[in-house]
Amino acid sequence: MSVICPVCKKVKKNPVDCARHMFGTGDKPHRAWFETQGLSFIDLLLDQATQPGNKSYELVGGYVEKAQKDLT
Amino acid sequence: MEKKLLRFTVNEAPYEIYVNPKTLLVEAIRDHVGLTGTKRGCETVSCGACTVMVDGMAVKGCSVLAMQVDGMKITTVEGLEKNGKLDPIQTAFLDEGAFQCGFCTSGMLMSAKAFLDETPKPKDEMEIRRAMEGNLCRCTGYNAIIRAIDAVAKGNYREDKQ
Amino acid sequence: MSENKYSVLNTRVHNVDGHAKVTGRATYTFDVTLPGMLYGKILRSPHPHAKILKIDYSEALKFPGVIAVVTGKEDTLGVKQGIWRRYKDLCDEAILTVDKVRYIGEPVAAVAAVSEEIAEQALDLINVDYEVLPFVDDPMEAIKKDAPLIHEGFERNVNVTRQISWGDVEEAFEEAEYVREDWFKLGGQHHMCMETRAAVANYTPDGKLTIYTSTQSAYYHQALLAGVLGLREGNIRVLAPYVGGGFGGKFELDGAQFCASVLSMKCCKPVKVVFSREEDFIASKRRTPMYYYVRTGVKKDGTFCAREAKVFTNGGAYTGMGATALYLTGFFHSFPYRWKAYRYDGYRVYTNSLPSTSMRGFGAPQAMFCSEQQIEWIANDLGLDPIEMRRKNGHYEGYEVPGQATIASCGLDQALTAIQKWKTSKGKLPKNRAIGISAAGFMSGGIFNWFDSPYSFSSAVVTINHDGTVELHVGAQEIGQGSSTTLAMICAEALGVKLEDIKVHMGDTDHSPADLGAWGSRQTLMAGNATKMAAEDAKKQLLEFANAKLGFNIIYDLDIKQGWVYNVARPERGMSYYDLCKEALRGKEGQRIIGRGFYTPRRKGMISPAYSYMVQGLDVEIDPETGYLKIHESVTAHDCGQPINTLGLIGQLEGAASMAIGFGYYEYLPVEDGKIMNPNLVDYKLIRAPEMPSCQVIEIDTYEPEGPYGAKEAGEGLTNPHAAALGNAIFYATGLQMKEAPIRAEAIAKAWKEKNEKAKK
């Protein structure tokens, strides 16, 4: 299911991929979006970096999915 | 500290200079005589960049006090060429590309020259390598330097071959 | 080797600056003395992390012979600078710090005095009140929630992050039939330039600053100094006629350059600052230490499917070029193979230790140590021939690294064949001795412009005098790598004259065109292209006169070779180049012939216009008692496109080998409590002449369309494979998998002993 990045509107192939894109871009607008969702960008980034699996990506992917309805 | 009179010969020219007794030979050469071809790369007598010849022997210029060479004959890199003609070891360095940044080169040349004067026929390459152990080079990986010394030892730069 | 079709290129020549270097005439910054010159010394932080409360230098000023003392707060604009100028956040280093110190050795104040000795003594008279702060010197600790914060605004000390990816990694891992994961630890390495950081700054009251300095990029320093000193770039002249080595450590602004400039502006006198060797160790920069996690999935037949890497780099206290190393290590970790899917997540972490930066290989040696050993282990796990597995998955001409790069020339396959042949020829080796190999590749100059240079990446001006002598002005910086000779050869070849007709001018921002300088193996390709273009421009002008003068039918093409201007169809018909120059100038109302050239990469992907390839073989013996390594032989199969400077090429490769063996084995740079434990040449081990193996180079013949005459990178890339090749040799000789570089003899001996004891049980 393709999704749109809630910040820069880039089309990504799924929510996890979009989350990865948002962490990877990591500029001020993308970071700011995390805060609007009540998330800590850096904490989630480092959890993803230091723990096995894709927990942060999946979590943020969920938020991305939820945000889709306001984006179209 | 009271300065002392130092009389020595540098590249066949006599010098009389007043130096602080704790002045190192390399400092006397660079700062008092003004010959900057001799370099310094450490404070721990480790790198050999300041190597000069004292009465024909290779000596690290930071390992002796200037006053210790009173009355002696010093040869620095500037003293290798004679009347505009390079010493064979200098030509060999050029031919083999035995230097890159050039900062260790003066010391390398002096160690090489002293070694070849003492050991015109080194028995193998390792003997040359061991002789150069006190000189650090960060650029070349040494092999070109060893080839240059070897070429001189093999007689490739004898006058009749030039 | 095929017959050389060139008259100058790929011939053995003397370096153009060689005579000066073998006679002691070459004047380095270290040797510069100006009338009325003062000597500067820098007071350095004894703490890894502390706030500066107060600096009292009144006693120092009273000391006879002291002329001035400067501090960051009182005497500088407090501008934080960095080489990533496009990213203001990453400009984080004031050099003379204003409020806080972040590593042991950071400059706190500087003194100018009539002698170096007095300046040094005066440092003891400066009292600094510090509020000592908790510190952290390891990246894995620094990212923890309770770690002390080193820079405001960088939560959990994460300085820069980098992601590189292509393909569907999850899917590709599912396709894999065998997956292996490993953690590696890579140590720092000191550049150890023979000439330590040095500068002689001379500010005059007309607002102009002239600075001699040991630099890899005169233009970078001109621009960076302008930014921090509040001067116009054009009012700063950077001079660097001879530089005692660089290796990636001399193109950021350093303490010698900045403190000498600030002191000189205060005194309006020349000030010389030279780092002692210890200062150079503790307060210059180093190769970036890293933690590397690598997960690789392959099919049972050895086909590479997916690779994932997570990397934490110990950035030290400031950003500098370390941000680029973070990027390049991630890219070159994929090299030189085709991955269906690839993912790299890099995290550069601030710590309270010496800042980390670029060093010859620029992140790639670390990447290759992990990659090339793991590949060897995988081949072994699967019972496959490691060389054939590399060949099967290797880059080839025309391959596109998805979204990153297009490979226009690639000699990897031939290089693997050459090394395979050498390996076979060695037969069975004695006990405790084995051959290790490693492949690698590298870039020919970066195409990124985070420095935000307003100028072309490289420029050259060729001026022909009436007697046929040629002035070649380039901004390319000679630091020992031989760029001046290489560019002179390219100029001579393109113009059709002799090498001795060319005089190279560089290392002077007043008189050389701007150029990004010597880093990332960029000069042969980029400055080489600029030089070739300038020479061809000048030649075209000459040939216009020649056409008019010689009066051939207009259908004939003219050319110049070895000083002879001739009709290509009838080479015996023509005239001397030297005679032509005289007449051509007359036809131009006496003006000299001037040709101009430049190079700025466009549409060349994300990284570089061209890539070199190499396969390295090492024959290594291990002492079972001590773990000491003896390297019997080094053989390199090397694809650098068309060789330009034969002697220089060999020298660069041998030099790279010596530094790479240092990274892999000799050069251990431990940091404890933020302090480098061996900041001198007694305790920091460098390879010396007896330990250096003989190096054989097998040239692989390729042609790089983007390079001048088909040339590309040589001399930096070969720093990449040796550490892994050493590891692989150890693996075959002992079965040990060494995951920490440098691979220390003690570690080998200990691991081997443990292994043998285990086997007995």
# chains A, B, ... in the order shown; residues from 1 in each chain; ligands from 1

$ select_by_dssp --residues "segment 54-139 of chain B" --states "strand (DSSP E)" --output "PyMOL selection string"
chain B and resi 54+57-60+73-75

$ select_by_dssp --residues "segment 351-486 of chain C" --states "helix (DSSP H, G or I)" --output "MDAnalysis selection string"
chainID C and resid 364:382 386:393 412:425 483:486

$ write_last_selection --atoms "C-alpha atoms" --output "PDB file, in the first residue's frame"
ATOM      1  CA  ALA C 364      36.517   2.928   3.174  1.00  0.00           C
ATOM      2  CA  PRO C 365      39.348   1.102   5.004  1.00  0.00           C
ATOM      3  CA  GLN C 366      37.011   0.629   7.954  1.00  0.00           C
ATOM      4  CA  ALA C 367      34.236  -0.572   5.653  1.00  0.00           C
ATOM      5  CA  MET C 368      36.471  -2.995   3.786  1.00  0.00           C
ATOM      6  CA  PHE C 369      37.917  -4.488   6.964  1.00  0.00           C
ATOM      7  CA  CYS C 370      34.409  -5.620   7.875  1.00  0.00           C
ATOM      8  CA  SER C 371      33.063  -6.408   4.440  1.00  0.00           C
ATOM      9  CA  GLU C 372      35.982  -8.282   2.959  1.00  0.00           C
ATOM     10  CA  GLN C 373      36.542 -10.442   6.017  1.00  0.00           C
ATOM     11  CA  GLN C 374      32.889 -11.315   6.323  1.00  0.00           C
ATOM     12  CA  ILE C 375      32.745 -12.242   2.651  1.00  0.00           C
ATOM     13  CA  GLU C 376      35.728 -14.545   3.148  1.00  0.00           C
ATOM     14  CA  TRP C 377      34.042 -16.184   6.139  1.00  0.00           C
ATOM     15  CA  ILE C 378      30.796 -16.625   4.231  1.00  0.00           C
ATOM     16  CA  ALA C 379      32.607 -18.293   1.325  1.00  0.00           C
ATOM     17  CA  ASN C 380      34.264 -20.544   3.855  1.00  0.00           C
ATOM     18  CA  ASP C 381      31.006 -21.341   5.646  1.00  0.00           C
ATOM     19  CA  LEU C 382      29.453 -22.313   2.335  1.00  0.00           C
ATOM     20  CA  PRO C 386      36.151 -16.815  -2.225  1.00  0.00           C
ATOM     21  CA  ILE C 387      37.775 -15.363  -5.332  1.00  0.00           C
ATOM     22  CA  GLU C 388      35.121 -16.848  -7.595  1.00  0.00           C
ATOM     23  CA  MET C 389      32.409 -15.637  -5.243  1.00  0.00           C
ATOM     24  CA  ARG C 390      33.823 -12.117  -5.498  1.00  0.00           C
ATOM     25  CA  ARG C 391      33.989 -12.397  -9.272  1.00  0.00           C
ATOM     26  CA  LYS C 392      30.416 -13.618  -9.511  1.00  0.00           C
ATOM     27  CA  ASN C 393      29.098 -10.605  -7.617  1.00  0.00           C
ATOM     28  CA  LEU C 412      37.932  -5.961 -11.064  1.00  0.00           C
ATOM     29  CA  ASP C 413      37.512  -9.200 -12.968  1.00  0.00           C
ATOM     30  CA  GLN C 414      41.006  -9.069 -14.463  1.00  0.00           C
ATOM     31  CA  ALA C 415      42.432  -8.071 -11.074  1.00  0.00           C
ATOM     32  CA  LEU C 416      40.836 -11.118  -9.430  1.00  0.00           C
ATOM     33  CA  THR C 417      42.304 -13.327 -12.150  1.00  0.00           C
ATOM     34  CA  ALA C 418      45.764 -11.845 -11.634  1.00  0.00           C
ATOM     35  CA  ILE C 419      45.670 -12.380  -7.882  1.00  0.00           C
ATOM     36  CA  GLN C 420      44.252 -15.888  -8.296  1.00  0.00           C
ATOM     37  CA  LYS C 421      47.215 -16.690 -10.531  1.00  0.00           C
ATOM     38  CA  TRP C 422      49.698 -15.293  -8.025  1.00  0.00           C
ATOM     39  CA  LYS C 423      48.047 -17.188  -5.199  1.00  0.00           C
ATOM     40  CA  THR C 424      48.218 -20.455  -7.127  1.00  0.00           C
ATOM     41  CA  SER C 425      51.872 -19.847  -7.983  1.00  0.00           C
ATOM     42  CA  SER C 483      50.185  16.227  -8.376  1.00  0.00           C
ATOM     43  CA  SER C 484      52.481  18.918  -9.759  1.00  0.00           C
ATOM     44  CA  THR C 485      54.444  16.321 -11.704  1.00  0.00           C
ATOM     45  CA  THR C 486      51.307  14.545 -12.893  1.00  0.00           C
TER      46      THR C 486
END

$ residues_around --residues "segment 56-71 of chain A" --least-positions-apart "2" --cutoff "6 Å" --atoms "only C-alpha atoms" --output "VMD selection string"
chain A and resid 15 to 16 19 44 48 54

$ interface_residues --of "chain C" --to "chain A" --cutoff "7 Å" --atoms "only C-alpha atoms" --output "PyMOL selection string"
chain C and resi 155+162-163+310

$ closest_residue --among "B:Lys113, B:Lys3, B:His32, B:Lys121" --to "Val59 of chain B" --atoms "only C-alpha atoms"
B:Lys113

$ closest_residue --among "B:Glu16, B:Glu43, B:Glu2, B:Asp55" --to "chain C" --atoms "only C-alpha atoms"
B:Glu43

$ closest_atom_pairs --of "chain B" --to "chain C" --cutoff "9 Å" --atoms "only C-alpha atoms" --output "CSV"
residue,atom,partner,partner_atom,distance
B:Arg30,CA,C:Asp31,CA,8.5
B:Leu35,CA,C:Gly24,CA,8.5
B:Thr36,CA,C:Asp31,CA,5.9
B:Gly37,CA,C:Gly24,CA,3.9
B:Thr38,CA,C:Gly24,CA,7.1
B:Lys39,CA,C:Phe30,CA,8.3
B:Arg40,CA,C:Glu195,CA,7.9
B:Gly41,CA,C:Met194,CA,5.6
B:Cys42,CA,C:Arg277,CA,5.1
B:Glu43,CA,C:Arg277,CA,6.7
B:Thr44,CA,C:Val682,CA,6.9
B:Val45,CA,C:Val682,CA,8.4
B:Ser46,CA,C:Leu681,CA,5.8
B:Cys47,CA,C:Leu681,CA,7.3
B:Ala49,CA,C:Met194,CA,8.2
B:Thr76,CA,C:Gly24,CA,8.8
B:Val77,CA,C:Gly24,CA,5.8
B:Glu78,CA,C:Thr23,CA,5.8
B:Gly79,CA,C:Thr23,CA,8.5
B:Leu80,CA,C:Thr23,CA,7.5
B:Glu81,CA,C:Thr23,CA,7.4
B:Leu86,CA,C:Thr23,CA,8.1
B:Gln90,CA,C:Val22,CA,5.8
B:Thr91,CA,C:Val22,CA,8.3
B:Phe93,CA,C:Val22,CA,7.3
B:Leu94,CA,C:His14,CA,5.6
B:Asp95,CA,C:His14,CA,6.2
B:Glu96,CA,C:Leu647,CA,7.1
B:Gly97,CA,C:Leu647,CA,6.0
B:Ala98,CA,C:Gly651,CA,7.7
B:Phe99,CA,C:Gly480,CA,7.8
B:Gln100,CA,C:Gly480,CA,4.2
B:Cys101,CA,C:Gly480,CA,3.5
B:Gly102,CA,C:Lys21,CA,5.4
B:Phe103,CA,C:Gly244,CA,5.2
B:Cys104,CA,C:Met194,CA,6.8
B:Thr105,CA,C:Val22,CA,6.5
B:Ser106,CA,C:Gly24,CA,6.3
B:Leu109,CA,C:Val22,CA,7.8
B:Met126,CA,C:Pro690,CA,6.6
B:Glu127,CA,C:Pro690,CA,8.7
B:Ile128,CA,C:Pro690,CA,8.5
B:Arg129,CA,C:Pro690,CA,4.8
B:Arg130,CA,C:Pro690,CA,5.6
B:Ala131,CA,C:Ala689,CA,8.7
B:Met132,CA,C:Ala689,CA,6.3
B:Glu133,CA,C:Ala689,CA,5.5
B:Gly134,CA,C:Arg688,CA,7.9
B:Asn135,CA,C:Arg688,CA,7.6
B:Leu136,CA,C:Arg688,CA,6.4
B:Cys137,CA,C:Met194,CA,7.3
B:Arg138,CA,C:Cys193,CA,6.6
B:Cys139,CA,C:Gly655,CA,5.0
B:Thr140,CA,C:Gly655,CA,4.2
B:Gly141,CA,C:Gly655,CA,4.3
B:Tyr142,CA,C:Ala689,CA,5.6
B:Asn143,CA,C:Ser694,CA,7.0
B:Ala144,CA,C:Gly651,CA,7.0
B:Ile146,CA,C:Ala689,CA,8.2
